[in-house]
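Only one structure is covered here, and it is reproduced in the block below.
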Amino acid sequence: MLISFMNKKYKPTYIPVSICTILVLFSAITLKAQTTDSTAIADSLALLQQIQAQMQTDTTQQPAAAQPRSSLSFNPDIGVIGDFQGSYISKGSKNFDMYLNETEVSLQATVDPYIRGDFFISFARDPETGKYGVEIEEGYLTTLSLPAKLQLKAGKFREAVGRINPTHPHALPFIDLPNAYVNLFGEEGLNDEGVSLSWLVPNNAFYQELTAQVTSGYSESPAFARSQGNRLIYLGHLKNFFTLNDNTTLELGLTAISGPNDSSRTTNIAAADLTYKYKPVQMNTYRSLTWQSEFYYSHNNQTENNAVNALGLYSYIQYQLAKRTFLTGRYDYGEKPYNNSIKEQAYSLTFGWYATEFSKMEIEAKTTDDNINSRFYQAWFRWIFVLGAHGAHQY
Amino acid sequence: MKRTSLFAVIAFLIFQSANAKTIKVVTTLTDLRSITELIGGDKVSVSSIATGYQNPHFVDPKPSYIISLSSADLFVTVGLDLETGWSPQLLSSSRNTKIQKGAAGYVDASEGIGLQQVPTAANRAEGDIHIYGNPHYWLDPLNGKVIARNIANGLERVDPADKATFEANLQTFYKTIDNKMKEWLAKMAPFKGTKIIAYHNEWVYFEKRFGLQIVDFMEPKPGIPPTPSQLVKVINEIKTNGIKVIISSPYFSTSSSDVVSKQTGVKALTMATSTGAFPTVKNYFDVFDYDINLITSALK
């Protein structure tokens, strides 16, 4: 008995517990040997008296808090997220590769009674040169006490375009990004410097949030470029969230963006996102289904008389097979925003094993077909691992 | 005559609106809701974010919860990192300064609780450990008194005019717990020191208060689903110690407990971890009534 307890990999604090366990066990054995009705009653009466005495003291005063209830330090919450990847592509001369795709360092804290600050510093690898560079993926302040249900954000942030853009890539259920999204916003997404004001619409029937963002256009995306003059990029997003019942929800988002493009004219984008989620409240860690789609329409003024209209969309279904396994199938359709006669279609399938909240492994296979190049195949593997603090993800 | 009747109508309306003004309370868990209702009486309207049958660690932060939080006067949380994956995000999105951490309308129900299992080192190799101590403290009815005291303090901060009502309700709550406690302890007394297995490490406060002894868990480490080697270990422990029950919660899969049950004949019990876990568990007291009845009838 003693040996089996010693063998357990318990921390030293558990040793007294083990000793108590043995003592209780020993007393239980001795008790069992001599138990009669009268001793059992006497025993329970003694216990009752003991508890009653304890309750008297408990009622009159609260015990002093012995342990701190939050970390006593003004350092921000620090997290590091590693993203190791391997890749395969069926075309070109280099077909296989592996690399530490990105290391993201997050630093988050409340600044003072008025604002909080969030920084995400990315050490990412340039896919062309293989060299690592540092950039501020996001760095912004958020107000905590504006009146009238307003919240202001200022700095560099991922903008409020639907569902994919505000999400950090490591949190997505696939490794590559949808073609239509990359065509418009690039691999880095629409992530720019400026201000964002959001308003919680006073609607008691369902959740509604209206966001207006004004940015400089400094971080260039394929759709927008930094203006040589004084022009800015304007974005408006309306998020509607409906609770259909305890287990299912529906989100409908509408986005409009307008800003200067690389022809120094204007590109206008209209986008819509629709997300249906089934997550049974009681067994939400075991079963879930997400169906998410986004539609993009871009109107790109290239010369005075020539504008290109391009459509794009993706739609994916993620199905939770078991507590830690997920399967995601996705369809992509995209027209190039500068030439809508180039149309791409792609299908992909991702299998994910989410070991804990702090690490997950995924493999993805994808086939892409466009009307210029011949069909090609890609595959990826990635392993995400999180050290330290890890904030909650959006629902 | 006309004027007096108009005056009466206005006076009535003013009185009605003043009377109708209740304190809006949002709690994270249903047990906190139940205790707030008992302390606040008709002065409060309370809603809980989580239901009583879902895993309190993994509540989905649906934006719809923000609606009630944005207009709440009081927010009550279990604290100790239990809700760390969802409540901070909801709270900051609520844009409600009255209920932010440190404000008068923020109640951390764990203030003054004598905590169990406070780790000496923070190491995630041990699974989902809570760095401030085990957060499932509401499963000891005597801790319910501390929770009630904290909630009463919060209510008195946001509504000092009704202090006397809250204090009177608090005394009634204390008395009910004390009376119930005698009944519960008497029922559990014959099973003092009985060894059991639990699915997840969430019963330490219940175990200590009612004199049970949890020898092992179905989960090899907190938050890690049962593995075949862990099941073998548990089966051996059940056989050597003559263990009769495994206690689990409504939000855990029963498949591994069923396997162990088939192998050993042990009874797998789905206990109530919170108010509302089952339709008959309507308030905080019912949680213990339900669990103690279940466990004592299985051990007889």
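By order in the structure tokens, chains are A, B, ...; within a chain, residues start at 1; ligands start at 1, following the order shown.
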Q: For region 367-370 of chain A, list every protein, DNA or RNA residue within 9 Å, evaluated using only C-alpha atoms, and leave out those in the same chain fewer than 5 positions away; present the list as a list in words.
A: Asp332, Ile342, Lys343, Glu344, Gln345, Ala346, Tyr347, Ser348, Arg375, Phe376, Tyr377, Gln378 and Ala379 of chain A
Distance table requested - chain B against chain A, cut-off 6 Å, only C-alpha atoms: one row per qualifying residue with the closest atom pair and its distance in Å to one decimal, ordered by chain and rising residue number, as CSV.
residue,atom,partner,partner_atom,distance
B:Tyr53,CA,A:Gln282,CA,5.6
B:Gln54,CA,A:Gln282,CA,4.6
B:Pro61,CA,A:Tyr395,CA,5.9
B:Lys62,CA,A:Tyr395,CA,5.8
B:Ser64,CA,A:Tyr207,CA,5.4
B:Gly85,CA,A:Ala392,CA,5.3
B:Arg95,CA,A:Lys149,CA,5.6
B:Thr97,CA,A:Ser145,CA,5.8
B:Gly112,CA,A:Ala65,CA,4.5
B:Ala189,CA,A:Ser44,CA,5.3
B:Tyr251,CA,A:Gln282,CA,5.3
Could the residues in this selection be saved with C-alpha atoms as a PDB file, in the first residue's frame?
ATOM      1  CA  TYR B  53     -25.579  21.121 -16.807  1.00  0.00           C
ATOM      2  CA  GLN B  54     -22.625  22.511 -18.709  1.00  0.00           C
ATOM      3  CA  PRO B  61     -18.585  33.361 -24.964  1.00  0.00           C
ATOM      4  CA  LYS B  62     -21.598  33.996 -27.189  1.00  0.00           C
ATOM      5  CA  SER B  64     -25.757  37.334 -26.891  1.00  0.00           C
ATOM      6  CA  GLY B  85     -11.608  31.285 -20.857  1.00  0.00           C
ATOM      7  CA  ARG B  95     -18.857  48.341 -22.097  1.00  0.00           C
ATOM      8  CA  THR B  97     -18.085  50.235 -16.234  1.00  0.00           C
ATOM      9  CA  GLY B 112     -12.502  34.593   2.079  1.00  0.00           C
ATOM     10  CA  ALA B 189     -22.094   9.831   8.629  1.00  0.00           C
ATOM     11  CA  TYR B 251     -21.192  17.303 -19.020  1.00  0.00           C
TER      12      TYR B 251
END
Q) Excluding same-chain residues fewer than 2 positions from Arg330 (chain A), what lies within 9 Å of it counting only C-alpha atoms, as a list of chain:residue names? A) A:Phe174, A:Pro178, A:Tyr314, A:Ser315, A:Tyr316, A:Ile317, A:Gln318, A:Thr328, A:Asp332, A:Ala346, A:Tyr347, A:Ser348, A:Leu349, A:Thr350
Keeping only C-alpha atoms, write those residues as an mmCIF file, in the first residue's frame.
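Ended up saving to result-v2.cif:
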data_model
loop_
_atom_site.group_PDB
_atom_site.id
_atom_site.type_symbol
_atom_site.label_atom_id
_atom_site.label_comp_id
_atom_site.auth_asym_id
_atom_site.auth_seq_id
_atom_site.Cartn_x
_atom_site.Cartn_y
_atom_site.Cartn_z
ATOM 1 C CA PHE A 174 -7.271 25.337 -41.662
ATOM 2 C CA PRO A 178 -9.181 31.025 -48.644
ATOM 3 C CA TYR A 314 -15.453 30.581 -49.431
ATOM 4 C CA SER A 315 -17.608 28.228 -47.444
ATOM 5 C CA TYR A 316 -16.468 25.697 -44.890
ATOM 6 C CA ILE A 317 -17.999 23.120 -42.609
ATOM 7 C CA GLN A 318 -16.155 22.049 -39.495
ATOM 8 C CA THR A 328 -12.972 20.742 -41.912
ATOM 9 C CA ASP A 332 -13.070 28.447 -52.493
ATOM 10 C CA ALA A 346 -10.226 25.088 -54.794
ATOM 11 C CA TYR A 347 -11.279 22.287 -52.457
ATOM 12 C CA SER A 348 -9.512 21.488 -49.215
ATOM 13 C CA LEU A 349 -9.847 19.091 -46.322
ATOM 14 C CA THR A 350 -8.216 19.579 -42.920
#
Q.
For the helix (DSSP H, G or I) assignment from backbone DSSP, which residues of region 161-333 of chain A qualify? Please present them as a PyMOL selection string.
A. chain A and resi 169-171+179-185
Q | For Thr254 (chain B): contacts at 12 Å, only C-alpha atoms, fewer than 5 positions along chain excluded, given as a ChimeraX atom specification | A | /A:283,286 /B:199,218,225-226,246-249,259-261,267-270
(Q) Need the shell around Ile238 (chain B): protein/DNA/RNA residues with any atom at most 12 Å away, counting only C-alpha atoms. Skip same-chain ones fewer than 2 positions apart. Format as a list in words? (A)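 That gives Lys195, Ile196, Ile197, Ala198, Ile214, Val215, Asp216, Phe217, Met218, Leu231, Val232, Lys233, Val234, Ile235, Asn236, Thr240, Asn241, Gly242, Ile243, Lys244, Val245, Ile246, Val260, Ser261, Gln263, Thr264, Gly265, Val266 and Lys267 of chain B.
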